[in-house]
Every structure is written in C-alpha cells, then in structure tokens.
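Below is one structure, written out as structure tokens; comments come after it.
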Amino acid sequence: MAQARSSIIICIFSTSSGNGKTITAINLAASLTKEGYAVCLIDLDLQFGDIINYLKLKPKFTIEDAQLQLQRDPEKFNVKDYLTEYTHENPGHEFKFSVLAPPERIYDAYNIEVAKVVEIVERLNYFDFIVLDLGAVFSALNLAMLDLSTIINFLVVVDFLPSVKNFKIGYDTLIRFEYEESKIRLVENRADSQKLINGHDVERLLGESFFHRLPNDFPSVNKSILAGEPLIFAAPNSKLTNSFIELAGRYTNKQRQIIQTEPDDQSSGSLLSKIFSVFK
C-alpha cells in the first residue's frame with residue numbers, strides 16, 4: 001500500500017495547446033533541481049507529450065510498462081526501475097532529475113488507467129518535488145492529477161481572443177470543481193511580447209492576479225530545444241532562465257523577490273475591456 005504523500009506536486013496545466021507547458025515543466029523541474037531538491041518530471045500528455053524528445057532521452061521503460069508491472073505484482077513493484085535519468089555533467093558535480101516517460105505509441109495511451117497512475121505518483125513520494133506535464137483537457141486523468149497536486153500552475157499566452165476565452169472557461173471550471181483559489185497559480189507566458197490583448201485586462205476579467213509572468217525569449221528557447229538541454233545550461237544568463245529560477249524560488253524556502261513590471265495603460269479603450277461582456 002502506498003505511503004502517505006510527502007512530495008510537493010506541481011502540475012503544469014493549460015486549456016490550449018502551444019502555451020509552453022512542456023518548456024515550463026522541464027525548466028521548472030531543472031530550476032528546482034538546481035536548488036538542490038530531488039525532482040521527478042512526469043509526462044502525462046500521454047499522446048502528444050514531448051519531454052523525451054526535448055531532452056533527447058531514450059527511455060528503456062515508460063509509464064505503460066510501470067502500470068503493467070504494478071498490475072502483475074504490486075508487492076514487488078519498484079517505481080524507481082521505470083524512471084529515466086536526465087543528467088548533465090558539470091565539473092565536480094552531476095546534475096540530474098528523473099523522468100517518467102509517456103507511452104511509446106499514441107494508441108497505447110488508451111491502456112493507461114487513472115487509478116494506476118495515481119498509485120504510481122503516490123509511490124514517488126520520496127522526491128521533494130514532482131512536476132506533472134498534463135494534456136490540455138479536463139480528462140479523468142487530469143482531474144485526478146489536479147486533485148493530487150499541491151499547486152496548479154495554470155498557464156496561458158494571452159495573444160488572441162480564443163486563448164483568453166479558453167483560459168477563462170478553464171479557470172471558471174477549476175473554481176466550479178472547488179479547487180482552492182490559493183492552490184491555483186496563474187502564470188502568463190510570453191508576457192512581454194507584442195500583442196493586442198493586455199495581460200492586466202485578463203486579470204480584471206478573472207478577478208485574480210497572475211502569480212508569475214514569464215518573458216518572451218524565442219532565441220533562448222530555440223537554443224535549448226536544439227541542444228536538448230534545459231535553459232539553465234543552454235542559455236544560463238537569459239531573462240527566461242532567470243524567470244524560471246525565480247518561479248522555482250517561490251515554491252521553495254529560498255524565496256526570491258520577484259520584480260514586478262509596471263502595469264500597462266489600462267484605459268477603457270483597450271481591446272479586451274470592450275469585449276468583457278462576451279464572457280459575462
């Protein structure tokens with residue numbers, strides 16, 4: 001029987017694709033590892049997860065293999081046997097965190113059972129932090145993971161009206177499911193990019209402030225993807241790297257002062273102000 005959970009579980013969730021969930025999950029896990037914590041990163045975007053490709057890993061086992069063994073012999077099942085290590089050699093120090101890979105084939109995702117995933121995550125309770133990269137749907141699996149999570153990082157890029165609409169519907173749904181508002185941390189990605197919609201107008205729409213804003217930094221992200229490395233190695237001095245380190249610091253005892261940007265002009269003439277009534 002699984003022991004009581006002691007890990008801090010942070011899920012990265014969004015209601016739209018292309019918002020940077022995977023980049024956020026990988027770099028939050030890497031930043032927490034940099035702080036000295038034991039971290040496990042789980043790719044639960046079971047059909048289209050990209051963590052393995054991003055980090056150029058070749059896992060021997062996946063979550064499907066772990067589930068099969070758990071079903072066969074729960075007493076002898078050791079979740080450690082099914083993890084893949086991401087490692088980066090530094091002079092005098094080995095940097096590493098664990099990864100649990102998604103099924104190898106898209107259709108194998110249908111074989112994954114929610115109850116077994118819950119048990120697998122609970123058996124990983126020896127890690128300080130578990131970071132979950134979820135798919136962009138309110139599936140039974142995602143709802144179970146949202147229930148397990150200590151913190152829900154609800155991610156958005158407020159570039160177009162449909163993404164804002166999905167974000168509001170998603171946020172309202174989380175509240176309707178009675179998740180504590182303090183558990184939901186709104187994170188704006190590409191916050192300083194040029195766009196028609198103002199992030200501060202989105203805050204007014206939701207009645208809730210963004211917990212953290214990640215800057216736009218395509219060159220560093222592209223460099224990170226090409227290298228197959230987290231930003232702390234591929235672009236250690238970039239503004240996005242520093243922002244991820246700041247975000248990780250807010251979830252540890254090593255709190256950092258987050259520099260708040262000055263609010264943009266929130267005049268009544270802004271685009272989103274004119275269409276608030278669409279969502280009411």
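Chain labels follow the order of the structure tokens: the first chain is A, the next B, and so on; residue numbering restarts at 1 in every chain, and ligands are counted from 1 in their shown order.
For stretch 70-75 of chain A, the residues within 8 Å (counting only C-alpha atoms, excluding itself and residues fewer than 3 positions away along the chain) are A:Ala66, A:Gln67, A:Lys116.
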Show me, as a PDB file with C-alpha atoms, in the first residue's frame, the residues that have an atom within 9 Å of stretch 157-172 of chain A when counting only C-alpha atoms, minus same-chain residues fewer than 4 positions from it.
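Written output follows (result.pdb):
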ATOM      1  CA  SER A  14      -3.409  24.764 -19.767  1.00  0.00           C
ATOM      2  CA  THR A  15      -6.661  24.636 -21.704  1.00  0.00           C
ATOM      3  CA  SER A  16      -4.959  25.474 -25.013  1.00  0.00           C
ATOM      4  CA  GLY A  18       1.013  25.818 -27.747  1.00  0.00           C
ATOM      5  CA  ASN A  19       1.158  27.742 -24.470  1.00  0.00           C
ATOM      6  CA  GLY A  20       4.557  26.367 -23.442  1.00  0.00           C
ATOM      7  CA  PHE A 138     -10.313  18.183 -18.426  1.00  0.00           C
ATOM      8  CA  ARG A 176     -16.502  25.202 -10.071  1.00  0.00           C
ATOM      9  CA  PHE A 177     -14.707  21.975  -9.191  1.00  0.00           C
ATOM     10  CA  ILE A 184      -4.294  27.772  -8.462  1.00  0.00           C
ATOM     11  CA  VAL A 187       1.147  32.048 -14.960  1.00  0.00           C
ATOM     12  CA  GLU A 188       1.350  34.230 -18.062  1.00  0.00           C
ATOM     13  CA  ASN A 189       3.826  33.016 -20.657  1.00  0.00           C
ATOM     14  CA  ARG A 190       5.439  35.345 -23.252  1.00  0.00           C
ATOM     15  CA  ALA A 191       4.174  38.165 -21.088  1.00  0.00           C
ATOM     16  CA  SER A 193       5.621  40.041 -26.302  1.00  0.00           C
ATOM     17  CA  GLN A 194       3.806  42.439 -28.592  1.00  0.00           C
ATOM     18  CA  LYS A 195       0.122  41.550 -28.679  1.00  0.00           C
ATOM     19  CA  LEU A 196      -3.287  43.174 -28.920  1.00  0.00           C
ATOM     20  CA  ILE A 197      -4.546  41.844 -25.581  1.00  0.00           C
ATOM     21  CA  ASN A 198      -3.271  43.262 -22.317  1.00  0.00           C
ATOM     22  CA  GLY A 199      -2.479  40.759 -19.555  1.00  0.00           C
ATOM     23  CA  VAL A 202      -7.196  39.465 -18.304  1.00  0.00           C
ATOM     24  CA  LEU A 205     -11.647  39.731 -16.285  1.00  0.00           C
ATOM     25  CA  LEU A 206     -10.775  36.877 -13.923  1.00  0.00           C
ATOM     26  CA  LEU A 272     -10.308  43.342 -24.050  1.00  0.00           C
ATOM     27  CA  VAL A 278     -18.714  38.391 -24.080  1.00  0.00           C
ATOM     28  CA  PHE A 279     -17.702  36.331 -21.052  1.00  0.00           C
TER      29      PHE A 279
END
Practice task
Write out as a list in words the residues lying within 12 Å of A:Ser139, counting only C-alpha atoms and excluding same-chain residues fewer than 3 positions away.
Solution key: Phe13, Thr15, Leu44, Asp45, Leu46, Glu113, Val114, Leu134, Gly135, Ala136, Asn142, Leu143, Ala144, Met145 and Leu146 of chain A
Taken to one decimal, the atom CA of A:Pro102-atom CA of A:Tyr126 distance is 20.7 Å
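Picture a line from atom CA of A:Glu229 to atom CA of A:Thr84; it runs 15.1 Å.
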